[in-house]
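Shown next, in structure tokens, is the structure this report addresses.
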Amino acid sequence: MNDSGFELRANAAGGGAILSDRAGCEITLHPLWLRERVSEPASLDPLNHQRLYEPNDLPAELAVVALARRGEDVVQISFSDGYEARFSLSRLLVECGWIADPELPPLPEGWTRRNGEIRAIEYQHIGTRDGMHELLDGFFRRGFCIVRGTPHAPGDLDRLAQIFGYIRETNWGRLFNVISKPAASDLAYTGLALAAHTDNPYRFPVPGIQFLHCLDNTVAGGFSTIVDGLALVERLQAEAPEEAATLAQLPVRFRYDTSSCIVEDTSPLIERDYLGRLVGLRLSSRLDYVLPAENDQLDLFYAGRRRLQRLAADPEMAVSFPFEPGLLLMMDNRRTLHGRTAYDSAAGRRHLQGCYIDHDGPRSLWRTLMRDGEAKLGREAA
Ligand SMILES: [Fe+2]
């Protein structure tokens with residue numbers, strides 16, 4: 001047992017090791033699991049951290065034959081094939097989930113109107129470590145963030161979005177324009193109010209993050225609204241757990257179909273990971289077609305969807321703000337819902353540009369910020 005209260009010892013019975021803490025909790029570490037975590041330069045490329053060997057070539061009957069402490073955080077392990085390696089105990093603890101990964105982005109925190117307001121960050125400030133840290137911290141906790149005072153000529157979003165990630169092009173284009181126009185191909189291009197929704201639920205994969213960038217706005221109304229899907233799902237779970245379970249279970253077909261683009265994907269409205277945490281919510285009431293199921297299941301589905309949409313329309317669940325020229329909104333399209341209040345499209349001009357990026361970009365920025373104190377988005381050869 002070291003000062004931090006953790007101990008690693010050989011496990012004679014299983015051939016691997018046993019990790020334990022002061023409270024007596026134990027986890028058995030398989031010898032191959034340990035060996036695959038060797039991080040010495042002979043086994044792991046020091047630059048890209050890719051293995052320099054094929055792990056399937058390791059002996060299937062591999063065992064730990066000796067284990068010795070070599071310092072507060074260092075354990076030396078000898079394996080039955082003669083290989084010896086030093087391990088960082090704290091790294092093994094992170095791998096086991098016993099201590100937090102210091103580079104892990106902040107976990108999402110559900111919010112409502114009462115505590116959902118977020119401080120907008122000035123554009124000049126995001127070039128600093130503290131500014132980028134504050135912006136990304138808010139984004140990961142709340143699922144959205146706002147930058148103010150950005151350059152806002154048409155097309156500037158292309159460069160702004162690439163501060164955070166690589167643009168995901170779709171049939172809407174690399175950048176899309178949200179302005180009122182006749183014979184609109186989507187309700188977004190009218191002055192009508194838009195109920196809170198997630199974008200493009202019919203795509204595989206669904207776009208991860210959406211940007212909306214205001215170039216011009218002289219109309220009254222047309223406020224942007226954001227609703228936290230995590231808070232919606234938590235409320236649904238608390239009020240009607242059977243409905244929540246059904247929405248996480250029944251497959252729903254989403255489809256966008258025009259003459260030039262037919263895209264379709266099928267998924268439950270609520271997607272969870274193996275720990276039950278929310279992965280994504282698809283809420284787009286004009287586009288969802290639940291697959292056939294027993295009547296009692298569909299009763300629960302329709303009741304759950306109605307409850308979810310009623311919650312999503314509740315002003316107590318939303319934050320709203322006007323779009324001013326230069327305002328850049330970045331939102332997690334898998335978690336937050338967005339909408340807008342109505343405006344008179346004949347009374348003035350309102351022009352937004354939008355685009356999508358994947359989650360990888362901001363997650364990588366956060367990790368490089370935590371490791372090096374600098375947010376870096378690198379382009380590297382495959
Ligand atoms: Fe939208």
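Convention: chains lettered A, B, ... in structure tokens order; per-chain residue numbering from 1; ligands numbered from 1 as shown.
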- Within 8 Å of ligand 1, counting only C-alpha atoms and all ligand atoms: which residues, as a list in words?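 Final answer, ordered by chain and number: Ala188, His197, Thr198, Asp199, Asn200, His338 and Gly339 of chain A.
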- Message: Taking only C-alpha atoms into account, name the residue in A:Gly165, A:Gly280, A:Gly354, A:Pro322 that is nearest to Phe211 in chain A.
- Response: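 That would be A:Gly354, the residue with the smallest distance to Phe211 in chain A.
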- Item | Every residue of range 163-356 of chain A that DSSP places in strand (DSSP E), as a PyMOL selection string | chain A and resi 167-168+176-178+194-197+209-217+224-228+252-257+262-267+270-272+278-281+288-290+318-321+328-332+336-340+350-356
Same residues, C-alpha atoms, output as an mmCIF file, in the first residue's frame:
data_model
loop_
_atom_site.group_PDB
_atom_site.id
_atom_site.type_symbol
_atom_site.label_atom_id
_atom_site.label_comp_id
_atom_site.auth_asym_id
_atom_site.auth_seq_id
_atom_site.Cartn_x
_atom_site.Cartn_y
_atom_site.Cartn_z
ATOM 1 C CA ILE A 167 -16.560 21.228 -41.106
ATOM 2 C CA ARG A 168 -19.009 18.442 -41.922
ATOM 3 C CA PHE A 176 -25.947 27.008 -45.024
ATOM 4 C CA ASN A 177 -27.902 30.246 -44.929
ATOM 5 C CA VAL A 178 -30.899 30.794 -42.680
ATOM 6 C CA LEU A 194 -39.652 26.975 -34.812
ATOM 7 C CA ALA A 195 -40.353 24.528 -31.994
ATOM 8 C CA ALA A 196 -37.318 23.243 -30.129
ATOM 9 C CA HIS A 197 -35.771 20.448 -32.173
ATOM 10 C CA ILE A 209 -22.301 20.165 -33.242
ATOM 11 C CA GLN A 210 -24.091 23.020 -34.972
ATOM 12 C CA PHE A 211 -22.896 26.608 -35.348
ATOM 13 C CA LEU A 212 -25.232 29.497 -36.051
ATOM 14 C CA HIS A 213 -23.518 32.785 -36.907
ATOM 15 C CA CYS A 214 -25.462 36.030 -37.119
ATOM 16 C CA LEU A 215 -24.444 38.270 -40.026
ATOM 17 C CA ASP A 216 -27.346 40.666 -39.926
ATOM 18 C CA ASN A 217 -30.507 41.178 -37.870
ATOM 19 C CA SER A 224 -32.975 31.985 -30.463
ATOM 20 C CA THR A 225 -34.120 29.417 -27.894
ATOM 21 C CA ILE A 226 -32.066 26.568 -26.456
ATOM 22 C CA VAL A 227 -33.415 23.679 -24.380
ATOM 23 C CA ASP A 228 -31.307 21.099 -22.571
ATOM 24 C CA VAL A 252 -37.936 5.303 -35.083
ATOM 25 C CA ARG A 253 -37.353 5.965 -38.771
ATOM 26 C CA PHE A 254 -36.258 9.489 -39.696
ATOM 27 C CA ARG A 255 -36.221 10.417 -43.343
ATOM 28 C CA TYR A 256 -35.516 13.456 -45.507
ATOM 29 C CA ASP A 257 -36.641 12.962 -49.070
ATOM 30 C CA ILE A 262 -32.858 10.887 -49.818
ATOM 31 C CA VAL A 263 -31.330 10.237 -46.406
ATOM 32 C CA GLU A 264 -32.743 7.951 -43.753
ATOM 33 C CA ASP A 265 -31.676 6.589 -40.392
ATOM 34 C CA THR A 266 -33.417 4.536 -37.727
ATOM 35 C CA SER A 267 -32.827 4.968 -34.012
ATOM 36 C CA ILE A 270 -33.331 8.569 -26.730
ATOM 37 C CA GLU A 271 -29.920 6.902 -27.124
ATOM 38 C CA ARG A 272 -28.008 5.813 -24.047
ATOM 39 C CA LEU A 278 -27.496 10.032 -22.511
ATOM 40 C CA VAL A 279 -25.656 9.745 -25.827
ATOM 41 C CA GLY A 280 -28.166 11.628 -27.892
ATOM 42 C CA LEU A 281 -31.727 12.751 -28.306
ATOM 43 C CA ASP A 288 -40.267 10.750 -37.000
ATOM 44 C CA TYR A 289 -42.070 7.489 -37.831
ATOM 45 C CA VAL A 290 -41.947 4.875 -35.097
ATOM 46 C CA ALA A 318 -35.455 27.182 -22.180
ATOM 47 C CA VAL A 319 -33.027 30.066 -22.343
ATOM 48 C CA SER A 320 -33.522 32.587 -25.136
ATOM 49 C CA PHE A 321 -31.554 35.505 -26.513
ATOM 50 C CA LEU A 328 -21.724 32.886 -32.798
ATOM 51 C CA LEU A 329 -23.726 30.107 -31.158
ATOM 52 C CA MET A 330 -22.150 26.659 -30.838
ATOM 53 C CA MET A 331 -24.442 23.876 -29.642
ATOM 54 C CA ASP A 332 -24.308 20.145 -29.149
ATOM 55 C CA THR A 336 -29.480 20.471 -26.882
ATOM 56 C CA LEU A 337 -32.593 21.457 -28.821
ATOM 57 C CA HIS A 338 -32.843 24.763 -30.599
ATOM 58 C CA GLY A 339 -35.731 26.823 -31.909
ATOM 59 C CA ARG A 340 -36.725 30.426 -32.409
ATOM 60 C CA ARG A 350 -32.245 38.491 -40.693
ATOM 61 C CA HIS A 351 -29.367 36.458 -41.995
ATOM 62 C CA LEU A 352 -27.658 33.609 -40.192
ATOM 63 C CA GLN A 353 -25.091 31.201 -41.552
ATOM 64 C CA GLY A 354 -24.678 27.753 -40.097
ATOM 65 C CA CYS A 355 -22.526 24.662 -40.361
ATOM 66 C CA TYR A 356 -21.760 21.428 -38.563
#
- Message: Considering only C-alpha atoms, can you say which of A:Gly173, A:Val233, A:Arg282, A:Gly143 comes closest to Gly155 in chain A?
- Response: A:Gly173
- Task: Go ahead and compute the interatomic distance for CA of Thr28 in chain A and CA of Leu92 in chain A, in Å to one decimal.
- Result: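 One can read the CA of Thr28 in chain A to CA of Leu92 in chain A distance as 12.0 Å.
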- Based on DSSP run over this structure's backbone, return all residues of range 50-119 of chain A in alpha helix (DSSP H), as a VMD selection string. chain A and resid 89 to 95
- Task: Would you mind listing what lies within 6 Å of range 341-348 of chain A as a list in words, with only C-alpha atoms counted and same-chain residues fewer than 3 positions away left out?
- Result: Gly191, Leu192, Ala193, Thr218, Val219, Gly221, Gly222 and Phe223 of chain A
- Extract, using only C-alpha atoms, all DNA, RNA and protein residues at most 9 Å from Ser90 in chain A, discarding same-chain residues fewer than 3 positions from it, and format them as a PyMOL selection string. chain A and resi 73-74+87+93-95+99
- Task: For Arg9 in chain A, work out the shell of residues within 7 Å, counting only C-alpha atoms and skipping chain neighbours fewer than 4 positions away, then give it as a PyMOL selection string.
- Result: chain A and resi 17-19+67
Write out, as an mmCIF file, in the first residue's frame, the residues just selected, with all heavy atoms.
data_model
loop_
_atom_site.group_PDB
_atom_site.id
_atom_site.type_symbol
_atom_site.label_atom_id
_atom_site.label_comp_id
_atom_site.auth_asym_id
_atom_site.auth_seq_id
_atom_site.Cartn_x
_atom_site.Cartn_y
_atom_site.Cartn_z
ATOM 1 N N ALA A 17 -2.589 -9.410 -11.968
ATOM 2 C CA ALA A 17 -2.328 -8.627 -10.757
ATOM 3 C C ALA A 17 -3.667 -8.233 -10.129
ATOM 4 O O ALA A 17 -4.721 -8.357 -10.757
ATOM 5 C CB ALA A 17 -1.520 -7.370 -11.104
ATOM 6 N N ILE A 18 -3.572 -7.789 -8.889
ATOM 7 C CA ILE A 18 -4.771 -7.310 -8.183
ATOM 8 C C ILE A 18 -4.499 -5.889 -7.715
ATOM 9 O O ILE A 18 -3.477 -5.628 -7.067
ATOM 10 C CB ILE A 18 -5.120 -8.219 -6.987
ATOM 11 C CG1 ILE A 18 -5.541 -9.602 -7.494
ATOM 12 C CG2 ILE A 18 -6.234 -7.602 -6.145
ATOM 13 C CD1 ILE A 18 -5.780 -10.613 -6.391
ATOM 14 N N LEU A 19 -5.392 -4.998 -8.055
ATOM 15 C CA LEU A 19 -5.316 -3.611 -7.606
ATOM 16 C C LEU A 19 -6.302 -3.452 -6.454
ATOM 17 O O LEU A 19 -7.446 -3.913 -6.546
ATOM 18 C CB LEU A 19 -5.693 -2.688 -8.774
ATOM 19 C CG LEU A 19 -5.633 -1.187 -8.559
ATOM 20 C CD1 LEU A 19 -4.199 -0.731 -8.322
ATOM 21 C CD2 LEU A 19 -6.209 -0.462 -9.776
ATOM 22 N N LEU A 67 6.500 -8.601 -9.509
ATOM 23 C CA LEU A 67 5.956 -7.239 -9.492
ATOM 24 C C LEU A 67 6.629 -6.505 -8.333
ATOM 25 O O LEU A 67 6.623 -6.999 -7.204
ATOM 26 C CB LEU A 67 4.447 -7.362 -9.287
ATOM 27 C CG LEU A 67 3.550 -6.162 -9.515
ATOM 28 C CD1 LEU A 67 2.142 -6.615 -9.885
ATOM 29 C CD2 LEU A 67 3.502 -5.303 -8.280
#
- Message: What's around range 32-48 of chain A at 9 Å? Count only C-alpha atoms, leave out sequence neighbours fewer than 4 positions away in its own chain, and write the answer as number ranges by chain.
- Response: A: 16-17, 52-53, 55, 58-63, 79, 85-88, 92
For the residues in that selection, give me all heavy atoms as a short mmCIF file (atom, residue, chain, number, x, y, z; two decimals), in the first residue's frame.
data_model
loop_
_atom_site.label_atom_id
_atom_site.label_comp_id
_atom_site.auth_asym_id
_atom_site.auth_seq_id
_atom_site.Cartn_x
_atom_site.Cartn_y
_atom_site.Cartn_z
N GLY A 16 -2.23 -12.59 -13.36
CA GLY A 16 -2.13 -11.15 -13.60
C GLY A 16 -1.79 -10.42 -12.32
O GLY A 16 -0.83 -10.75 -11.62
N ALA A 17 -2.59 -9.41 -11.97
CA ALA A 17 -2.33 -8.63 -10.76
C ALA A 17 -3.67 -8.23 -10.13
O ALA A 17 -4.72 -8.36 -10.76
CB ALA A 17 -1.52 -7.37 -11.10
N LEU A 52 3.64 -0.60 -31.27
CA LEU A 52 4.65 -0.95 -32.26
C LEU A 52 4.68 -2.46 -32.46
O LEU A 52 5.62 -3.00 -33.03
CB LEU A 52 6.02 -0.43 -31.82
CG LEU A 52 6.11 1.10 -31.71
CD1 LEU A 52 7.42 1.52 -31.04
CD2 LEU A 52 6.00 1.73 -33.09
N TYR A 53 3.69 -3.17 -31.95
CA TYR A 53 3.63 -4.64 -32.07
C TYR A 53 2.17 -5.03 -32.26
O TYR A 53 1.26 -4.21 -32.06
CB TYR A 53 4.20 -5.30 -30.81
CG TYR A 53 3.39 -4.97 -29.57
CD1 TYR A 53 2.42 -5.84 -29.08
CD2 TYR A 53 3.56 -3.75 -28.91
CE1 TYR A 53 1.65 -5.52 -27.97
CE2 TYR A 53 2.79 -3.42 -27.80
CZ TYR A 53 1.85 -4.30 -27.35
OH TYR A 53 1.07 -3.98 -26.26
N PRO A 55 -0.73 -6.98 -30.81
CA PRO A 55 -1.05 -7.61 -29.51
C PRO A 55 -1.56 -9.04 -29.62
O PRO A 55 -1.40 -9.83 -28.68
CB PRO A 55 -2.13 -6.69 -28.91
CG PRO A 55 -2.60 -5.84 -30.02
CD PRO A 55 -1.53 -5.77 -31.05
N LEU A 58 1.04 -11.76 -28.82
CA LEU A 58 1.50 -12.04 -27.46
C LEU A 58 1.06 -13.45 -27.06
O LEU A 58 0.01 -13.92 -27.52
CB LEU A 58 0.88 -11.03 -26.47
CG LEU A 58 1.33 -9.57 -26.62
CD1 LEU A 58 0.48 -8.66 -25.74
CD2 LEU A 58 2.81 -9.43 -26.26
N PRO A 59 1.84 -14.13 -26.22
CA PRO A 59 1.46 -15.49 -25.82
C PRO A 59 0.10 -15.49 -25.10
O PRO A 59 -0.12 -14.69 -24.19
CB PRO A 59 2.58 -15.92 -24.85
CG PRO A 59 3.66 -14.93 -25.00
CD PRO A 59 3.08 -13.68 -25.58
N ALA A 60 -0.78 -16.38 -25.52
CA ALA A 60 -2.12 -16.44 -24.90
C ALA A 60 -2.03 -16.80 -23.43
O ALA A 60 -2.87 -16.40 -22.62
CB ALA A 60 -2.99 -17.44 -25.65
N GLU A 61 -0.99 -17.55 -23.07
CA GLU A 61 -0.84 -18.00 -21.67
C GLU A 61 0.06 -17.08 -20.86
O GLU A 61 0.63 -17.49 -19.86
CB GLU A 61 -0.26 -19.43 -21.63
CG GLU A 61 -1.04 -20.45 -22.45
CD GLU A 61 -2.51 -20.52 -22.03
OE1 GLU A 61 -2.79 -20.39 -20.83
OE2 GLU A 61 -3.36 -20.64 -22.93
N LEU A 62 0.20 -15.85 -21.30
CA LEU A 62 1.09 -14.88 -20.62
C LEU A 62 0.71 -14.77 -19.14
O LEU A 62 -0.47 -14.83 -18.78
CB LEU A 62 0.94 -13.51 -21.30
CG LEU A 62 1.95 -12.44 -20.90
CD1 LEU A 62 3.30 -12.75 -21.53
CD2 LEU A 62 1.47 -11.06 -21.37
N ALA A 63 1.74 -14.59 -18.29
CA ALA A 63 1.48 -14.41 -16.85
C ALA A 63 2.45 -13.38 -16.28
O ALA A 63 3.52 -13.14 -16.84
CB ALA A 63 1.63 -15.72 -16.11
N PHE A 79 7.08 -10.28 -17.01
CA PHE A 79 6.12 -11.22 -17.59
C PHE A 79 6.80 -12.56 -17.90
O PHE A 79 8.03 -12.65 -17.98
CB PHE A 79 5.52 -10.64 -18.87
CG PHE A 79 4.62 -9.45 -18.62
CD1 PHE A 79 5.14 -8.15 -18.62
CD2 PHE A 79 3.26 -9.62 -18.38
CE1 PHE A 79 4.32 -7.06 -18.39
CE2 PHE A 79 2.43 -8.52 -18.15
CZ PHE A 79 2.97 -7.24 -18.14
N ALA A 85 8.59 -4.35 -17.85
CA ALA A 85 8.18 -2.97 -18.15
C ALA A 85 7.80 -2.25 -16.87
O ALA A 85 7.38 -2.86 -15.89
CB ALA A 85 7.00 -2.98 -19.12
N ARG A 86 7.96 -0.93 -16.93
CA ARG A 86 7.55 -0.08 -15.80
C ARG A 86 6.19 0.53 -16.13
O ARG A 86 5.96 0.99 -17.24
CB ARG A 86 8.58 1.01 -15.57
CG ARG A 86 9.87 0.43 -15.01
CD ARG A 86 10.95 1.48 -14.85
NE ARG A 86 12.06 0.90 -14.12
CZ ARG A 86 12.59 1.42 -13.01
NH1 ARG A 86 12.12 2.55 -12.52
NH2 ARG A 86 13.58 0.82 -12.40
N PHE A 87 5.33 0.54 -15.13
CA PHE A 87 3.98 1.09 -15.29
C PHE A 87 3.79 2.25 -14.33
O PHE A 87 4.29 2.23 -13.20
CB PHE A 87 2.92 0.03 -14.97
CG PHE A 87 2.82 -1.09 -15.97
CD1 PHE A 87 3.78 -2.10 -16.01
CD2 PHE A 87 1.78 -1.13 -16.87
CE1 PHE A 87 3.69 -3.13 -16.93
CE2 PHE A 87 1.68 -2.16 -17.79
CZ PHE A 87 2.64 -3.16 -17.83
N SER A 88 3.03 3.22 -14.75
CA SER A 88 2.60 4.30 -13.85
C SER A 88 1.35 3.81 -13.12
O SER A 88 0.34 3.48 -13.77
CB SER A 88 2.30 5.57 -14.66
OG SER A 88 1.41 6.38 -13.93
N LEU A 92 -2.70 3.43 -14.41
CA LEU A 92 -3.55 2.23 -14.28
C LEU A 92 -4.84 2.57 -13.53
O LEU A 92 -5.91 2.06 -13.87
CB LEU A 92 -2.80 1.11 -13.54
CG LEU A 92 -1.64 0.47 -14.30
CD1 LEU A 92 -0.93 -0.57 -13.43
CD2 LEU A 92 -2.12 -0.18 -15.60
#
- Hey, which of A:Gln162, A:Ile77, A:Arg277, A:Ala312 ends up closest to Leu107 in chain A? Count only C-alpha atoms.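 Using only C-alpha atoms, Leu107 in chain A sits closest to A:Arg277.
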- Calculate how many Å separate CA of Gly361 in chain A from CA of Arg203 in chain A, rounding to one decimal. 19.4 Å
- Message: Env of Gly110 in chain A: 9 Å cut, atoms = only C-alpha atoms, seq-sep filter 5 positions within chain, self excluded. Answer as a list of chain:residue names.
- Response: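 Here the qualifying residues turn out to be A:Gly116, A:Arg141, A:Arg142, A:Asp228, A:Gly229, A:Leu230, A:Ala231, A:Leu232, A:Glu234.
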- Item | Among listed residues A:Ile163, A:Ile357, A:Ala293, A:Ala66, nearest Met132 in chain A (using only C-alpha atoms) | A:Ile163
- Message: Considering only C-alpha atoms, can you say which of A:Arg70, A:Arg91, A:Leu135, A:Pro251 comes closest to Leu298 in chain A?
- Response: A:Pro251
- Residue nearest Asn115 in chain A among A:Ala375, A:Leu311, A:Glu316, A:Trp98 (counting only C-alpha atoms): A:Glu316
